[in-house]
Amino acid sequence: MSLDMGSSLCRHNVCFCMNRLVVISGANGFVGRNVGMFLSKNGFQTISLVRKGKTVTFGKTITSETLSENSLVSKIRGSDALLHFIGKGMQTVNSDYTVNVGLAKNAVALCKKAKIKKIIYISGLGVDKHTTLGYFISKYKAEQEIILSGLDYTIFRASYVIGRDDPLSKNLKQQLEKGQMIIPGSGNYVFQPIFIDDVSRVITMALEEKKFSRKIIDLVGPQVVSYNTFVKKFLHGNKIRVKKIDFERAYHDALHNRGPFGIDDLGIMIGSYVGNHKKLASLAQMKFTRYDTVLKARGLS
Ligand SMILES: NC(=O)c1ccc[n+]([C@@H]2O[C@H](COP(=O)([O-])OP(=O)(O)OC[C@H]3O[C@@H](n4cnc5c(N)ncnc54)[C@H](OP(=O)(O)O)[C@@H]3O)[C@@H](O)[C@H]2O)c1
């Protein structure tokens, strides 16, 4: 079965305006390269901002380490929007979550200098002002930089985005290769995966349609699924050993930077965050792909 979109994006018998110029930071990452490719196929011009040594296969590429180089401004001046996809989901002594806030600040400053009026940002499902999770705190602060900037914005709070080579599938594949799949705790905690092609379409709409302006929107798929069920479907009947470990052990391993999960991964898993898919579907007026269809069609495992 093919889940590919056509080469143009038309809704309500209207095709989106082509020849728009979109800047993408973090364009070589999972979300960036998929959204960038989608925009490119649909007639948008793209300028990808990537770190030295990184490449993408669509549009124009400019090297930037911090989004604050003065030479950037003239190269992207007057672009229609910045998609800010730089982000870190795990921190170390050498690179912590200050990147999430600092580069959001730099992205906002860059938009202002280059006269870019719109910024689109992917935050995390579960982020709010009461959060105590390090990753979510950095995402909340990044959101605030964007909201208070005076720029037009759309902030998406995403659950796990799935597609070929997404971070979750990569993690599960690595466990498969090691011959054992680890499930922390009961595995009954839930999430709401969303297909990357649907994410690309929604982000394209947010670029074009006023109803996405100045909004924070949950970027969540149509099904709520437990981690247990997701892993089972991911395995496609593969007879690998599935090992349940208690959270005490999972946190111990995470604290020692061993095992497949980071500290904040575990926090997000137990958080069982569920979002408002109805609101997203009503804004986007499109049919969203079921996670099990993606698992079957894409053969993520
Ligand atoms: N994928 C999901 O399921 C999901 C869910 C919720 C939210 N999000 C958010 O969506 C955004 C994109 O996610 P993704 O899955 O595409 O992540 P990804 O594949 O890990 O890509 C992250 C991007 O950020 C760049 N980056 C990381 N640290 C950087 C730094 N210190 N300086 C400059 N660039 C840096 C990476 O560049 P290098 O290659 O040079 O390191 C890469 O281009 C992130 O903000 C993430 O938090 C993703």
# chains A, B, ... in the order shown; residues from 1 in each chain; ligands from 1
>>> residues_near_ligand(ligand="ligand 1", cutoff="6 Å", atoms="only C-alpha atoms and all ligand atoms", output="ChimeraX atom specification")
/A:26-32,51,65-66,85-89,99,122-124,158-161,167
>>> residues_around(residues="Leu148 in chain A", least_positions_apart="3", cutoff="12 Å", atoms="only C-alpha atoms", output="PyMOL selection string")
chain A and resi 104-105+108-109+141-145+151-153+214
>>> write_last_selection(atoms="all heavy atoms", output="compact mmCIF listing (two decimals), in the first residue's frame")
# COMPACT_ATOMS: atom_id res chain seq x y z
N ALA A 104 15.73 29.10 20.08
CA ALA A 104 14.40 29.68 19.80
C ALA A 104 14.51 31.21 19.87
O ALA A 104 13.95 31.93 19.03
CB ALA A 104 13.37 29.18 20.80
N LYS A 105 15.27 31.69 20.86
CA LYS A 105 15.52 33.13 21.00
C LYS A 105 16.22 33.65 19.74
O LYS A 105 15.83 34.66 19.16
CB LYS A 105 16.45 33.34 22.20
CG LYS A 105 16.09 34.50 23.09
CD LYS A 105 17.10 34.60 24.22
CE LYS A 105 16.41 34.37 25.54
NZ LYS A 105 17.25 34.51 26.70
N VAL A 108 13.88 33.77 16.72
CA VAL A 108 13.00 34.95 16.76
C VAL A 108 13.77 36.20 16.31
O VAL A 108 13.29 36.97 15.47
CB VAL A 108 12.44 35.14 18.20
CG1 VAL A 108 11.88 36.53 18.40
CG2 VAL A 108 11.38 34.08 18.49
N ALA A 109 14.98 36.36 16.85
CA ALA A 109 15.79 37.55 16.48
C ALA A 109 16.10 37.54 14.98
O ALA A 109 16.04 38.58 14.32
CB ALA A 109 17.09 37.56 17.29
N LYS A 141 9.69 27.36 27.75
CA LYS A 141 10.41 28.64 27.65
C LYS A 141 10.60 29.04 26.18
O LYS A 141 10.51 30.21 25.84
CB LYS A 141 11.77 28.55 28.35
CG LYS A 141 11.63 28.53 29.86
CD LYS A 141 13.00 28.54 30.50
CE LYS A 141 12.89 28.62 32.01
NZ LYS A 141 14.20 28.41 32.67
N ALA A 142 10.87 28.07 25.32
CA ALA A 142 11.01 28.35 23.89
C ALA A 142 9.67 28.87 23.34
O ALA A 142 9.63 29.85 22.58
CB ALA A 142 11.45 27.09 23.14
N GLU A 143 8.57 28.22 23.74
CA GLU A 143 7.25 28.69 23.31
C GLU A 143 7.04 30.15 23.71
O GLU A 143 6.55 30.96 22.93
CB GLU A 143 6.13 27.87 23.98
CG GLU A 143 5.97 26.45 23.49
CD GLU A 143 4.78 25.75 24.18
OE1 GLU A 143 4.16 26.35 25.09
OE2 GLU A 143 4.48 24.60 23.80
N GLN A 144 7.43 30.47 24.96
CA GLN A 144 7.22 31.83 25.46
C GLN A 144 8.02 32.85 24.63
O GLN A 144 7.54 33.94 24.34
CB GLN A 144 7.62 31.93 26.95
CG GLN A 144 6.68 31.19 27.88
CD GLN A 144 5.26 31.76 27.83
OE1 GLN A 144 5.05 32.95 28.02
NE2 GLN A 144 4.29 30.92 27.54
N GLU A 145 9.25 32.48 24.26
CA GLU A 145 10.06 33.37 23.41
C GLU A 145 9.29 33.70 22.13
O GLU A 145 9.28 34.84 21.66
CB GLU A 145 11.39 32.70 23.02
CG GLU A 145 12.37 32.52 24.16
CD GLU A 145 12.91 33.84 24.71
OE1 GLU A 145 12.91 34.85 23.98
OE2 GLU A 145 13.31 33.86 25.89
N LEU A 151 5.74 38.17 16.64
CA LEU A 151 5.63 37.56 15.31
C LEU A 151 4.33 36.76 15.22
O LEU A 151 3.78 36.35 16.25
CB LEU A 151 6.80 36.58 15.08
CG LEU A 151 8.21 37.16 15.06
CD1 LEU A 151 9.24 36.02 15.11
CD2 LEU A 151 8.44 38.02 13.82
N ASP A 152 3.88 36.53 14.00
CA ASP A 152 2.80 35.56 13.81
C ASP A 152 3.41 34.17 14.08
O ASP A 152 4.56 33.93 13.70
CB ASP A 152 2.28 35.65 12.37
CG ASP A 152 1.07 34.76 12.14
OD1 ASP A 152 0.59 34.15 13.11
OD2 ASP A 152 0.63 34.68 10.99
N TYR A 153 2.68 33.34 14.76
CA TYR A 153 3.26 32.02 15.07
C TYR A 153 2.20 30.93 15.03
O TYR A 153 1.00 31.20 15.18
CB TYR A 153 3.91 32.03 16.46
CG TYR A 153 2.92 32.18 17.59
CD1 TYR A 153 2.26 31.09 18.14
CD2 TYR A 153 2.61 33.45 18.11
CE1 TYR A 153 1.33 31.24 19.16
CE2 TYR A 153 1.69 33.60 19.12
CZ TYR A 153 1.05 32.50 19.65
OH TYR A 153 0.12 32.64 20.64
N ARG A 214 -1.29 32.42 15.52
CA ARG A 214 -1.27 32.70 16.96
C ARG A 214 -2.00 31.62 17.77
O ARG A 214 -2.79 31.91 18.65
CB ARG A 214 -1.85 34.09 17.26
CG ARG A 214 -1.01 35.18 16.64
CD ARG A 214 -1.51 36.57 16.89
NE ARG A 214 -0.79 37.50 16.04
CZ ARG A 214 0.44 37.98 16.30
NH1 ARG A 214 1.05 37.65 17.42
NH2 ARG A 214 1.03 38.79 15.46
>>> closest_residue(among="A:Lys118, A:Lys139, A:Arg201, A:His130", to="Phe38 in chain A", atoms="only C-alpha atoms")
A:Arg201
>>> residues_around(residues="range 239-255 of chain A", least_positions_apart="4", cutoff="9 Å", atoms="only C-alpha atoms", output="number ranges by chain")
A: 176, 179-187, 235, 259-264, 266
>>> residues_around(residues="Thr154 in chain A", least_positions_apart="2", cutoff="8 Å", atoms="only C-alpha atoms", output="mmCIF file with N, CA and C atoms, in the first residue's frame")
data_model
loop_
_atom_site.group_PDB
_atom_site.id
_atom_site.type_symbol
_atom_site.label_atom_id
_atom_site.label_comp_id
_atom_site.auth_asym_id
_atom_site.auth_seq_id
_atom_site.Cartn_x
_atom_site.Cartn_y
_atom_site.Cartn_z
ATOM 1 N N ILE A 119 6.582 32.370 12.244
ATOM 2 C CA ILE A 119 7.450 31.287 12.728
ATOM 3 C C ILE A 119 6.573 30.103 13.156
ATOM 4 N N ILE A 120 7.007 28.924 12.774
ATOM 5 C CA ILE A 120 6.295 27.702 13.172
ATOM 6 C C ILE A 120 7.257 26.871 14.012
ATOM 7 N N TYR A 121 6.751 26.381 15.143
ATOM 8 C CA TYR A 121 7.623 25.688 16.092
ATOM 9 C C TYR A 121 6.964 24.389 16.546
ATOM 10 N N ASP A 152 3.880 36.533 14.001
ATOM 11 C CA ASP A 152 2.802 35.563 13.812
ATOM 12 C C ASP A 152 3.409 34.174 14.078
ATOM 13 N N PHE A 156 3.039 23.889 17.541
ATOM 14 C CA PHE A 156 2.429 22.560 17.584
ATOM 15 C C PHE A 156 3.023 21.793 18.753
ATOM 16 N N ALA A 206 -0.554 25.473 7.925
ATOM 17 C CA ALA A 206 -0.263 26.536 8.904
ATOM 18 C C ALA A 206 0.524 27.669 8.248
ATOM 19 N N PHE A 212 -4.646 29.207 11.487
ATOM 20 C CA PHE A 212 -3.593 28.597 12.315
ATOM 21 C C PHE A 212 -2.770 29.657 13.053
ATOM 22 N N SER A 213 -3.080 30.930 12.800
ATOM 23 C CA SER A 213 -2.258 32.014 13.363
ATOM 24 C C SER A 213 -2.415 32.159 14.870
ATOM 25 N N ARG A 214 -1.294 32.416 15.523
ATOM 26 C CA ARG A 214 -1.268 32.698 16.963
ATOM 27 C C ARG A 214 -2.000 31.616 17.768
ATOM 28 N N LYS A 215 -1.732 30.389 17.408
ATOM 29 C CA LYS A 215 -2.394 29.276 18.114
ATOM 30 C C LYS A 215 -1.361 28.257 18.587
ATOM 31 N N ILE A 216 -1.709 27.610 19.693
ATOM 32 C CA ILE A 216 -0.968 26.429 20.133
ATOM 33 C C ILE A 216 -1.889 25.241 19.875
ATOM 34 N N ILE A 217 -1.406 24.288 19.096
ATOM 35 C CA ILE A 217 -2.278 23.199 18.642
ATOM 36 C C ILE A 217 -1.613 21.850 18.954
#
>>> closest_residue(among="A:Val73, A:Val274, A:Leu83, A:Val225", to="Arg33 in chain A", atoms="only C-alpha atoms")
A:Leu83
>>> atom_distance(atom1="CA of Arg164 in chain A", atom2="CA of Ile196 in chain A")
8.7 Å
>>> select_by_dssp(residues="range 22-245 of chain A", states="strand (DSSP E)", output="PyMOL selection string")
chain A and resi 22-25+45-50+60-63+81-84+118-124+152-158+161-162+180-184+190-191+194-195+215-219+225-226+241-245
>>> residues_around(residues="Gly126 in chain A", least_positions_apart="4", cutoff="9 Å", atoms="only C-alpha atoms", output="compact mmCIF listing (two decimals) with C-alpha atoms, in the first residue's frame")
# COMPACT_ATOMS: atom_id res chain seq x y z
CA THR A 131 5.56 21.11 34.16
CA PHE A 136 9.23 20.32 28.79
CA ARG A 157 2.64 20.40 20.70
CA ALA A 158 3.53 17.06 19.17
CA SER A 159 3.15 13.50 20.42
CA ILE A 268 7.11 11.43 28.95
CA GLY A 271 3.00 11.03 31.61
CA SER A 272 0.54 9.25 29.26
CA TYR A 273 -0.07 12.54 27.46
CA VAL A 274 -3.15 12.66 25.27
CA GLY A 275 -4.10 15.66 23.15
>>> atom_distance(atom1="CA of Ala281 in chain A", atom2="CA of Cys111 in chain A")
29.0 Å
>>> residues_around(residues="Leu67 in chain A", least_positions_apart="4", cutoff="8 Å", atoms="only C-alpha atoms", output="count of residues only")
6
>>> closest_residue(among="A:Lys117, A:Lys233, A:Lys278, A:Lys173", to="Gly150 in chain A", atoms="only C-alpha atoms")
A:Lys117
